[in-house]
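Printed here is start15.tsv (TSV, C-alpha atoms):
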```tsv
chain	number	residue	atom	x	y	z
A	1331	MET	CA	-7.92	22.29	8.70
A	1332	ALA	CA	-7.26	20.78	12.10
A	1333	MET	CA	-3.89	21.66	13.67
A	1334	SER	CA	-3.07	17.99	13.53
A	1335	GLY	CA	-5.30	15.01	12.95
A	1336	PHE	CA	-4.65	11.40	12.11
A	1337	GLU	CA	-2.26	10.96	9.17
A	1338	GLY	CA	-4.06	8.81	6.63
A	1339	PHE	CA	-1.33	8.83	3.97
A	1340	GLU	CA	0.64	5.61	4.19
A	1341	LYS	CA	4.29	4.82	3.78
A	1342	ARG	CA	4.78	1.61	1.80
A	1343	LEU	CA	7.78	-0.69	1.74
A	1344	GLU	CA	8.24	-3.70	-0.54
A	1345	LEU	CA	11.25	-5.97	0.00
A	1346	HIS	CA	12.26	-8.89	-2.25
A	1347	PHE	CA	14.61	-11.66	-1.15
A	1348	PHE	CA	16.33	-14.64	-2.76
A	1349	GLY	CA	17.63	-17.88	-1.29
A	1350	ASP	CA	19.82	-20.72	-2.51
A	1351	ASP	CA	17.72	-23.42	-0.90
A	1352	PRO	CA	14.95	-24.26	-3.41
A	1353	VAL	CA	13.03	-26.38	-0.88
A	1354	MET	CA	12.36	-23.34	1.31
A	1355	VAL	CA	11.10	-21.20	-1.51
A	1356	ASP	CA	9.33	-23.81	-3.65
A	1357	ASN	CA	7.27	-25.12	-0.76
A	1358	ASN	CA	5.72	-21.68	-0.46
A	1359	LEU	CA	7.36	-21.13	2.91
A	1360	GLY	CA	10.47	-18.94	2.91
A	1361	LEU	CA	9.67	-15.78	4.88
A	1362	ARG	CA	6.38	-17.35	6.00
A	1363	LEU	CA	8.49	-19.39	8.42
A	1364	LEU	CA	9.19	-16.23	10.41
A	1365	GLY	CA	7.69	-16.78	13.85
A	1366	PHE	CA	4.92	-14.46	15.00
A	1367	GLU	CA	7.26	-13.22	17.76
A	1368	SER	CA	9.74	-12.12	15.09
A	1369	LEU	CA	7.03	-10.27	13.18
A	1370	GLU	CA	5.94	-8.63	16.43
A	1371	GLN	CA	9.51	-7.45	17.00
A	1372	VAL	CA	9.57	-5.92	13.51
A	1373	LEU	CA	6.21	-4.20	14.04
A	1374	ASN	CA	7.33	-3.06	17.47
A	1375	ALA	CA	10.18	-1.13	15.81
A	1376	VAL	CA	7.60	0.45	13.48
A	1377	GLN	CA	5.22	1.07	16.42
A	1378	CYS	CA	2.14	-0.85	15.38
A	1379	THR	CA	0.51	-4.21	16.15
A	1380	VAL	CA	-1.48	-6.97	14.43
A	1381	VAL	CA	-5.26	-6.74	14.92
A	1382	SER	CA	-6.43	-9.46	12.50
A	1383	ALA	CA	-4.95	-12.01	10.11
A	1384	VAL	CA	-5.83	-14.42	7.31
A	1385	ALA	CA	-3.74	-16.78	5.18
A	1386	ASN	CA	-4.03	-19.03	2.15
A	1387	GLN	CA	-1.60	-21.38	0.42
A	1388	TYR	CA	0.29	-18.47	-1.18
A	1389	PHE	CA	0.77	-15.80	1.48
A	1390	ASP	CA	-0.20	-14.37	4.87
A	1391	ALA	CA	-2.14	-11.11	5.21
A	1392	TYR	CA	-2.23	-9.10	8.43
A	1393	VAL	CA	-4.41	-6.10	9.27
A	1394	LEU	CA	-2.37	-3.81	11.52
A	1395	SER	CA	-3.36	-1.15	14.03
A	1396	GLU	CA	-1.94	1.14	11.32
A	1397	SER	CA	-2.63	-0.50	7.92
A	1398	SER	CA	-1.30	-3.82	6.51
A	1399	LEU	CA	1.44	-6.41	6.22
A	1400	PHE	CA	1.72	-9.12	3.53
A	1401	VAL	CA	4.22	-11.95	3.82
A	1402	TYR	CA	5.05	-14.08	0.75
A	1403	PRO	CA	7.82	-16.71	0.52
A	1404	THR	CA	10.31	-14.22	-0.95
A	1405	LYS	CA	8.71	-10.80	-0.54
A	1406	ILE	CA	7.26	-8.65	2.21
A	1407	ILE	CA	5.02	-5.61	1.81
A	1408	ILE	CA	4.40	-3.35	4.80
A	1409	LYS	CA	2.15	-0.34	4.54
A	1410	THR	CA	1.66	1.88	7.60
A	1411	CYS	CA	-0.11	5.17	8.26
A	1412	GLY	CA	-0.18	7.60	11.20
A	1413	THR	CA	3.17	8.43	12.79
A	1414	THR	CA	4.68	4.94	12.41
A	1415	GLN	CA	8.40	4.61	11.70
A	1416	LEU	CA	8.15	2.21	8.80
A	1417	LEU	CA	11.77	2.28	7.66
A	1418	LYS	CA	12.86	0.95	11.04
A	1419	SER	CA	11.48	-2.43	9.93
A	1420	ILE	CA	14.27	-2.93	7.39
A	1421	ARG	CA	17.14	-3.90	9.70
A	1422	PRO	CA	15.23	-6.51	11.72
A	1423	LEU	CA	13.66	-7.96	8.55
A	1424	ILE	CA	17.06	-8.38	6.89
A	1425	HIS	CA	18.30	-10.05	10.09
A	1426	TYR	CA	15.38	-12.49	10.41
A	1427	ALA	CA	15.46	-13.30	6.68
A	1428	CYS	CA	19.18	-14.00	6.91
A	1429	ASN	CA	18.46	-16.61	9.63
A	1430	LEU	CA	16.22	-18.33	7.05
A	1431	GLY	CA	18.96	-18.27	4.40
A	1432	LEU	CA	17.35	-15.39	2.49
A	1433	THR	CA	19.16	-12.30	1.19
A	1434	LEU	CA	17.60	-8.93	0.30
A	1435	CYS	CA	17.78	-8.24	-3.46
A	1436	SER	CA	15.44	-5.28	-3.96
A	1437	CYS	CA	13.62	-2.58	-2.07
A	1438	ARG	CA	10.91	-0.14	-3.11
A	1439	TYR	CA	9.69	2.62	-0.80
A	1440	THR	CA	6.75	4.82	-1.84
A	1441	ARG	CA	4.50	7.41	-0.25
A	1442	GLY	CA	2.32	10.38	-1.10
A	1443	SER	CA	2.52	13.81	0.55
A	1444	PHE	CA	1.64	13.85	4.23
A	1445	ILE	CA	-1.30	15.99	5.34
A	1446	PHE	CA	0.56	16.71	8.62
A	1447	PRO	CA	4.27	16.51	7.71
A	1448	LYS	CA	5.41	18.24	10.91
A	1449	ALA	CA	3.89	15.47	13.03
A	1450	GLN	CA	6.09	12.78	11.43
A	1451	PRO	CA	8.90	11.28	13.55
A	1452	PHE	CA	12.46	10.53	12.40
A	1453	PRO	CA	13.33	9.27	9.79
A	1454	HIS	CA	10.10	10.43	8.14
A	1455	THR	CA	10.61	14.15	8.84
A	1456	SER	CA	11.36	14.74	5.13
A	1457	PHE	CA	11.94	12.69	2.00
A	1458	LYS	CA	15.59	13.74	2.13
A	1459	GLU	CA	15.92	12.22	5.62
A	1460	GLU	CA	14.14	9.06	4.47
A	1461	VAL	CA	16.54	8.66	1.54
A	1462	ILE	CA	19.59	9.16	3.79
A	1463	TYR	CA	18.21	6.55	6.19
A	1464	LEU	CA	17.56	4.09	3.35
A	1465	GLU	CA	21.01	4.68	1.82
A	1466	GLU	CA	22.64	3.94	5.18
A	1467	THR	CA	20.45	0.97	6.11
A	1468	LEU	CA	20.39	-1.05	2.89
A	1469	PRO	CA	23.21	-3.54	2.25
A	1470	THR	CA	25.86	-2.62	-0.32
A	1471	ASN	CA	24.81	-5.41	-2.73
A	1472	LEU	CA	21.79	-3.23	-3.58
A	1473	GLY	CA	23.96	-0.97	-5.71
A	1474	TYR	CA	21.42	0.34	-8.22
A	1475	ARG	CA	19.56	3.08	-6.39
A	1476	LYS	CA	17.25	5.89	-7.39
A	1477	ALA	CA	15.24	8.48	-5.47
A	1478	SER	CA	12.61	10.61	-7.15
A	1479	VAL	CA	9.78	12.97	-6.26
A	1480	MET	CA	7.13	12.77	-8.96
A	1481	PRO	CA	5.18	16.03	-9.20
A	1482	SER	CA	1.57	16.83	-9.99
A	1483	LYS	CA	-0.29	20.03	-10.81
A	1484	MET	CA	-1.37	20.16	-7.16
A	1485	THR	CA	1.45	21.14	-4.84
A	1486	THR	CA	-0.25	19.14	-2.07
A	1487	HIS	CA	0.12	15.88	-4.01
A	1488	SER	CA	3.44	14.46	-5.07
A	1489	TRP	CA	4.67	10.88	-5.14
A	1490	HIS	CA	7.92	9.93	-3.41
A	1491	VAL	CA	9.81	6.87	-4.66
A	1492	PHE	CA	13.05	5.23	-3.63
A	1493	THR	CA	14.19	1.97	-5.24
A	1494	ALA	CA	17.30	-0.11	-4.76
A	1495	SER	CA	18.24	-3.41	-6.37
A	1496	ASP	CA	21.16	-5.76	-6.93
A	1497	GLN	CA	20.35	-5.92	-10.68
A	1498	SER	CA	20.80	-9.69	-10.88
A	1499	HIS	CA	17.32	-10.57	-9.58
A	1500	ALA	CA	14.68	-8.92	-11.75
A	1501	ILE	CA	11.12	-8.53	-10.51
A	1502	PRO	CA	8.58	-10.29	-12.83
A	1503	LYS	CA	7.74	-7.99	-15.74
A	1504	ASP	CA	4.04	-8.78	-15.87
A	1505	ILE	CA	3.09	-7.82	-12.30
A	1506	TYR	CA	1.56	-4.41	-11.65
A	1507	THR	CA	0.75	-2.57	-8.43
A	1508	LEU	CA	-1.88	0.13	-8.17
A	1509	GLU	CA	-1.69	2.55	-5.22
A	1510	VAL	CA	-4.71	4.84	-4.98
A	1511	CYS	CA	-4.95	7.76	-2.52
A	1512	MET	CA	-8.27	9.57	-2.04
A	1513	THR	CA	-8.93	12.79	-0.11
A	1514	GLU	CA	-11.99	15.00	0.53
A	1515	LEU	CA	-14.27	11.99	0.83
A	1516	ASP	CA	-18.02	12.46	0.42
A	1517	ARG	CA	-19.22	13.31	3.96
A	1518	VAL	CA	-22.30	11.11	3.89
A	1519	LEU	CA	-20.30	8.10	2.70
A	1520	ALA	CA	-17.49	8.79	5.20
A	1521	ARG	CA	-20.01	8.66	8.09
A	1522	LYS	CA	-20.45	4.95	7.41
A	1523	PHE	CA	-16.96	4.41	8.82
A	1524	PHE	CA	-17.90	5.74	12.26
A	1525	GLN	CA	-19.15	3.38	14.97
A	1526	PRO	CA	-22.29	4.48	16.85
A	1527	PRO	CA	-21.40	6.14	20.18
A	1528	GLY	CA	-21.56	3.67	23.05
A	1529	GLY	CA	-21.53	0.77	20.59
A	1530	THR	CA	-20.40	-2.53	22.06
A	1531	LYS	CA	-19.44	-4.40	18.88
A	1532	SER	CA	-15.96	-5.86	18.48
A	1533	GLY	CA	-13.69	-4.48	15.75
A	1534	ASP	CA	-14.21	-7.67	13.75
A	1535	ILE	CA	-18.01	-7.58	13.84
A	1536	ALA	CA	-18.24	-3.82	13.23
A	1537	GLY	CA	-15.73	-4.24	10.39
A	1538	LYS	CA	-17.82	-6.93	8.70
A	1539	GLU	CA	-20.86	-4.66	8.82
A	1540	MET	CA	-18.92	-1.76	7.29
A	1541	THR	CA	-17.62	-4.01	4.50
A	1542	LYS	CA	-21.20	-4.93	3.68
A	1543	ILE	CA	-23.03	-1.59	3.96
A	1544	THR	CA	-20.37	0.44	2.10
A	1545	GLY	CA	-20.14	-1.85	-0.93
A	1546	ILE	CA	-16.49	-2.72	-0.22
A	1547	GLY	CA	-17.46	-6.40	-0.24
A	1548	ASP	CA	-18.59	-6.07	-3.87
A	1549	ILE	CA	-15.28	-4.70	-5.20
A	1550	ASN	CA	-13.90	-8.21	-5.69
A	1551	PRO	CA	-16.60	-10.72	-4.67
A	1552	ARG	CA	-14.17	-13.63	-5.15
A	1553	ALA	CA	-11.77	-12.38	-2.49
A	1554	MET	CA	-11.67	-13.62	1.08
A	1555	ILE	CA	-11.88	-10.49	3.24
A	1556	CYS	CA	-10.20	-9.79	6.54
A	1557	ASP	CA	-11.65	-6.55	7.92
A	1558	PHE	CA	-11.53	-4.45	11.07
A	1559	ALA	CA	-13.33	-1.32	12.34
A	1560	PHE	CA	-11.55	1.02	14.73
A	1561	ASP	CA	-13.07	2.84	17.68
A	1562	PRO	CA	-14.53	5.48	17.36
A	1563	CYS	CA	-13.91	5.54	13.60
A	1564	GLY	CA	-11.71	4.20	10.84
A	1565	TYR	CA	-11.59	0.96	8.90
A	1566	SER	CA	-9.11	-1.45	7.31
A	1567	MET	CA	-9.44	-4.51	5.10
A	1568	ASN	CA	-7.25	-6.97	3.25
A	1569	GLY	CA	-8.70	-8.97	0.39
A	1570	VAL	CA	-7.04	-12.27	-0.49
A	1571	HIS	CA	-7.62	-14.07	-3.79
A	1572	ASN	CA	-5.13	-16.75	-4.94
A	1573	ASP	CA	-1.70	-15.09	-4.82
A	1574	ARG	CA	-3.13	-11.54	-5.09
A	1575	TYR	CA	-4.00	-9.09	-2.35
A	1576	SER	CA	-6.03	-5.91	-2.24
A	1577	THR	CA	-6.27	-3.53	0.69
A	1578	ILE	CA	-8.36	-0.53	1.78
A	1579	HIS	CA	-7.78	1.87	4.68
A	1580	VAL	CA	-10.09	4.69	5.74
A	1581	THR	CA	-9.58	7.76	7.93
A	1582	PRO	CA	-13.08	9.29	7.73
A	1583	GLU	CA	-12.77	12.43	9.89
A	1584	ASP	CA	-13.85	15.66	8.30
A	1585	GLY	CA	-11.05	18.09	7.45
A	1586	PHE	CA	-8.47	15.35	6.89
A	1587	SER	CA	-10.55	12.51	5.44
A	1588	TYR	CA	-8.55	9.95	3.49
A	1589	ALA	CA	-8.99	6.51	1.96
A	1590	SER	CA	-6.55	4.28	0.13
A	1591	PHE	CA	-7.07	1.35	-2.21
A	1592	GLU	CA	-4.25	-0.86	-3.40
A	1593	CYS	CA	-4.25	-3.98	-5.54
A	1594	VAL	CA	-1.87	-6.13	-7.56
A	1595	GLY	CA	-2.40	-8.06	-10.76
A	1596	SER	CA	-0.75	-9.37	-13.89
A	1597	ILE	CA	-1.03	-7.97	-17.41
A	1598	TYR	CA	-1.62	-11.58	-18.52
A	1599	ASP	CA	-4.82	-11.83	-16.45
A	1600	ASP	CA	-7.90	-12.43	-18.57
A	1601	ASP	CA	-9.51	-9.83	-16.44
A	1602	ILE	CA	-7.37	-6.73	-16.85
A	1603	GLU	CA	-10.85	-5.25	-17.42
A	1604	HIS	CA	-11.60	-6.48	-13.92
A	1605	LEU	CA	-9.01	-3.92	-12.78
A	1606	VAL	CA	-11.06	-1.10	-14.30
A	1607	GLY	CA	-14.19	-2.40	-12.55
A	1608	SER	CA	-12.44	-2.79	-9.18
A	1609	LEU	CA	-10.89	0.66	-9.34
A	1610	ARG	CA	-14.20	2.21	-10.31
A	1611	LYS	CA	-16.09	0.43	-7.50
A	1612	ALA	CA	-13.44	1.34	-4.92
A	1613	VAL	CA	-13.57	5.03	-5.83
A	1614	GLN	CA	-17.39	5.04	-5.81
A	1615	VAL	CA	-17.38	3.82	-2.20
A	1616	PHE	CA	-15.88	7.21	-1.21
A	1617	ARG	CA	-16.69	9.72	-4.02
A	1618	PRO	CA	-13.51	11.70	-3.27
A	1619	GLY	CA	-12.79	15.26	-4.39
A	1620	THR	CA	-9.19	14.35	-5.25
A	1621	VAL	CA	-7.62	11.04	-6.28
A	1622	SER	CA	-4.03	10.11	-7.06
A	1623	VAL	CA	-3.07	6.82	-8.67
A	1624	SER	CA	0.44	5.42	-8.83
A	1625	THR	CA	0.88	2.50	-11.24
A	1626	THR	CA	4.04	0.43	-11.01
A	1627	CYS	CA	4.50	-1.83	-14.02
A	1628	SER	CA	7.01	-2.59	-16.76
A	1629	SER	CA	4.22	-2.59	-19.34
A	1630	HIS	CA	2.21	0.42	-20.52
A	1631	GLU	CA	-1.03	-1.45	-20.60
A	1632	VAL	CA	-2.17	-0.64	-17.12
A	1633	TRP	CA	-1.85	3.10	-16.47
A	1634	THR	CA	-3.76	4.03	-19.63
A	1635	ARG	CA	-6.80	2.14	-18.26
A	1636	VAL	CA	-6.84	4.18	-15.07
A	1637	ALA	CA	-8.27	7.28	-16.76
A	1638	HIS	CA	-10.84	5.11	-18.57
A	1639	ALA	CA	-11.93	3.82	-15.17
A	1640	LEU	CA	-12.16	7.20	-13.43
A	1641	GLU	CA	-13.35	9.71	-16.04
A	1642	PRO	CA	-16.90	8.26	-16.27
A	1643	LEU	CA	-17.18	8.94	-12.52
A	1644	GLY	CA	-16.78	12.67	-13.14
A	1645	LEU	CA	-13.07	12.72	-12.26
A	1646	LYS	CA	-10.82	14.67	-14.61
A	1647	CYS	CA	-7.14	13.81	-15.09
A	1648	ARG	CA	-5.15	16.90	-14.03
A	1649	SER	CA	-1.60	15.62	-14.33
A	1650	CYS	CA	0.48	12.61	-15.31
A	1651	ALA	CA	4.16	12.03	-14.50
A	1652	ALA	CA	6.26	9.00	-15.43
A	1653	ASP	CA	9.69	7.76	-14.42
A	1654	GLU	CA	11.81	4.61	-14.83
A	1655	PHE	CA	13.32	2.80	-11.86
A	1656	PRO	CA	15.95	0.05	-11.97
A	1657	ALA	CA	14.29	-3.32	-11.21
A	1658	ALA	CA	10.91	-1.75	-10.36
A	1659	GLY	CA	10.04	-0.85	-13.95
A	1660	SER	CA	8.15	2.31	-14.76
A	1661	ILE	CA	6.00	4.23	-12.32
A	1662	VAL	CA	3.23	6.48	-13.60
A	1663	PHE	CA	1.66	8.98	-11.19
A	1664	GLN	CA	-1.70	10.47	-12.18
A	1665	THR	CA	-3.93	12.91	-10.30
A	1666	PHE	CA	-7.66	13.50	-10.76
A	1667	THR	CA	-10.13	15.96	-9.29
A	1668	ALA	CA	-13.89	15.86	-9.27
A	1669	ARG	CA	-15.44	18.07	-11.92
A	1670	ARG	CA	-17.81	19.37	-9.26
A	1671	LYS	CA	-14.89	21.28	-7.69
```

Output the structure of this file as structure tokens.
Amino acid sequence: MAMSGFEGFEKRLELHFFGDDPVMVDNNLGLRLLGFESLEQVLNAVQCTVVSAVANQYFDAYVLSESSLFVYPTKIIIKTCGTTQLLKSIRPLIHYACNLGLTLCSCRYTRGSFIFPKAQPFPHTSFKEEVIYLEETLPTNLGYRKASVMPSKMTTHSWHVFTASDQSHAIPKDIYTLEVCMTELDRVLARKFFQPPGGTKSGDIAGKEMTKITGIGDINPRAMICDFAFDPCGYSMNGVHNDRYSTIHVTPEDGFSYASFECVGSIYDDDIEHLVGSLRKAVQVFRPGTVSVSTTCSSHEVWTRVAHALEPLGLKCRSCAADEFPAAGSIVFQTFTARRK
């Protein structure tokens, strides 16, 4: 393994707010009224920038130099890779939201295990440090807090979760989030995420080509896709469909190759089977040696489908851990490895 390469594993932060002014929230504005300068200030603290953006009537989706940002009227999701300092976004976000009459009511922080933990800056030097930072940064009204490291059979893969909530604003019970982390990508498939040397294409144009040739565009054909290719390699996309997002990020270099796929849905969707299809298609784009899937949902209907989606691809479930979190519901962490290993 390289001494240190690019850290593909993302840190993910989801913040929920509430406001007393129904006009702000009902008009689908709320946090979407944050000026771009304010968002830039937040991202500046994290140490990343916006490279591309798309919006619809429900939310705004940004592709970042390191992953993604989604802004809804009362929730924000930021996911950043590399050596970004994600948790430093919390203070400025609380401040800007407060100016809009919005108050933080829940926080969920999740991440896998870094490939290069020693390269991470404060406060991401260890999960213990992250938890201390979160405990000190979050307002006291978020009194229900829990930190947990969910294990797997592979020491290199565990799932770190911190949640905090004020207990009076519950997150909708039907919504699920799927966070998929893939390592040891198929080398031939990973090469598709490299730009030809001396290529002159913009990140947008090269990104569109990658979306097409890799099959990423077929994962959810109904979604509007905002994509970007990095120089000399790497790729990011956000898919936007009604009030749902999906996102993919790829670090294709050999020795520390990594890809992530994340999507949200509702257990009431007609197409919970669509979830199985999307997950299967996303994993087939990369044919990874190892996959971990974290499912956040109050209902048990979702995580049981994950194995059904992956086992026909020759991936065997090696471990499954579950835990309950106040306000976030249950989180199930499953790991799979290719039978060819």

What are the closest atom pairs, with distances in Å to one decimal, for each residue of segment 1378-1448 of chain A lying within 12 Å of segment 1534-1557 of chain A, using all atoms listed in the file, rows by chain and rising residue number, as a tab-separated table?
```
residue	atom	partner	partner_atom	distance
A:Val1381	CA	A:Asp1534	CA	9.1
A:Ser1382	CA	A:Cys1556	CA	7.1
A:Ala1383	CA	A:Cys1556	CA	6.7
A:Val1384	CA	A:Cys1556	CA	6.4
A:Ala1385	CA	A:Met1554	CA	9.5
A:Asn1386	CA	A:Met1554	CA	9.4
A:Asp1390	CA	A:Cys1556	CA	11.1
A:Ala1391	CA	A:Cys1556	CA	8.3
A:Tyr1392	CA	A:Cys1556	CA	8.2
A:Val1393	CA	A:Asp1557	CA	7.4
A:Leu1394	CA	A:Asp1557	CA	10.3
A:Ser1395	CA	A:Asp1557	CA	11.6
A:Ser1397	CA	A:Asp1557	CA	10.9
A:Ser1398	CA	A:Cys1556	CA	10.7
```

Could you check the closest approach to Phe1446 of chain A for each of A:Pro1481, A:Phe1616, A:Ser1495, A:Glu1340 and tell me which residue wins, using all atoms listed in the file?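 Among A:Pro1481, A:Phe1616, A:Ser1495, A:Glu1340, it is A:Glu1340 that comes nearest to Phe1446 of chain A.
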
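Comparing A:Arg1441, A:Thr1433, A:Leu1417, A:Cys1411 by their smallest distance to Thr1467 of chain A, the closest is A:Leu1417 (using only C-alpha atoms).
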
Using all atoms listed in the file, determine which residues lie at most 6 Å from segment 1659-1669 of chain A, disregarding the query and same-chain residues fewer than 3 positions distant; provide the list as a PDB file with C-alpha atoms, keeping the file's coordinate frame.
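What landed in around-v5.pdb:
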```pdb
ATOM      1  CA  GLY A1619     -12.790  15.260  -4.390  1.00  0.00           C
ATOM      2  CA  THR A1620      -9.190  14.350  -5.250  1.00  0.00           C
ATOM      3  CA  VAL A1621      -7.620  11.040  -6.280  1.00  0.00           C
ATOM      4  CA  SER A1622      -4.030  10.110  -7.060  1.00  0.00           C
ATOM      5  CA  VAL A1623      -3.070   6.820  -8.670  1.00  0.00           C
ATOM      6  CA  SER A1624       0.440   5.420  -8.830  1.00  0.00           C
ATOM      7  CA  THR A1625       0.880   2.500 -11.240  1.00  0.00           C
ATOM      8  CA  THR A1626       4.040   0.430 -11.010  1.00  0.00           C
ATOM      9  CA  CYS A1627       4.500  -1.830 -14.020  1.00  0.00           C
ATOM     10  CA  SER A1628       7.010  -2.590 -16.760  1.00  0.00           C
ATOM     11  CA  GLY A1644     -16.780  12.670 -13.140  1.00  0.00           C
ATOM     12  CA  LEU A1645     -13.070  12.720 -12.260  1.00  0.00           C
ATOM     13  CA  LYS A1646     -10.820  14.670 -14.610  1.00  0.00           C
ATOM     14  CA  CYS A1647      -7.140  13.810 -15.090  1.00  0.00           C
ATOM     15  CA  ARG A1648      -5.150  16.900 -14.030  1.00  0.00           C
ATOM     16  CA  SER A1649      -1.600  15.620 -14.330  1.00  0.00           C
ATOM     17  CA  CYS A1650       0.480  12.610 -15.310  1.00  0.00           C
ATOM     18  CA  ALA A1651       4.160  12.030 -14.500  1.00  0.00           C
ATOM     19  CA  ALA A1652       6.260   9.000 -15.430  1.00  0.00           C
ATOM     20  CA  ASP A1653       9.690   7.760 -14.420  1.00  0.00           C
ATOM     21  CA  GLU A1654      11.810   4.610 -14.830  1.00  0.00           C
ATOM     22  CA  PHE A1655      13.320   2.800 -11.860  1.00  0.00           C
TER      23      PHE A1655
END
```

Excluding same-chain residues fewer than 4 positions from Phe1389 of chain A, what lies within 7 Å of it counting only C-alpha atoms, as a VMD selection string? chain A and resid 1385 1401 to 1402 1573

Using only C-alpha atoms, find the one residue out of A:Gly1338, A:Pro1582, A:Pro1447, A:Pro1403 that sits nearest to Leu1361 of chain A.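 Among A:Gly1338, A:Pro1582, A:Pro1447, A:Pro1403, it is A:Pro1403 that comes nearest to Leu1361 of chain A.
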
Here is a test: counting all atoms listed in the file, which residue of A:Cys1593, A:Val1636, A:Leu1345, A:Leu1359 is nearest to Thr1507 of chain A?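 Closest to Thr1507 of chain A of all the choices is A:Cys1593.
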
Which residues of segment 1402-1448 of chain A come within 7 Å of segment 1366-1375 of chain A, and what is each one's closest atom pair and distance in Å (one decimal), counting only C-alpha atoms, sorted by chain and residue number, as JSON lines?
```
{"residue": "A:Lys1418", "atom": "CA", "partner": "A:Ala1375", "partner_atom": "CA", "distance": 5.9}
{"residue": "A:Ser1419", "atom": "CA", "partner": "A:Val1372", "partner_atom": "CA", "distance": 5.4}
{"residue": "A:Pro1422", "atom": "CA", "partner": "A:Val1372", "partner_atom": "CA", "distance": 6.0}
{"residue": "A:Leu1423", "atom": "CA", "partner": "A:Val1372", "partner_atom": "CA", "distance": 6.7}
```

Just checking: using all atoms listed in the file, which residue out of A:Leu1508, A:Ile1578, A:Ala1657, A:Val1376 ends up closest to Trp1633 of chain A?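 Looking only at the distances to Trp1633 of chain A, the closest residue turns out to be A:Leu1508.
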
Hey, can you check how far atom CA of Ser1566 of chain A sits from atom CA of Val1580 of chain A?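 So the two atoms, atom CA of Ser1566 of chain A and atom CA of Val1580 of chain A, lie 6.4 Å apart.
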
Between atom CA of Ala1494 of chain A and atom CA of Gly1473 of chain A, what is the distance in Å, rounded to a tenth?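 One can read the atom CA of Ala1494 of chain A to atom CA of Gly1473 of chain A distance as 6.8 Å.
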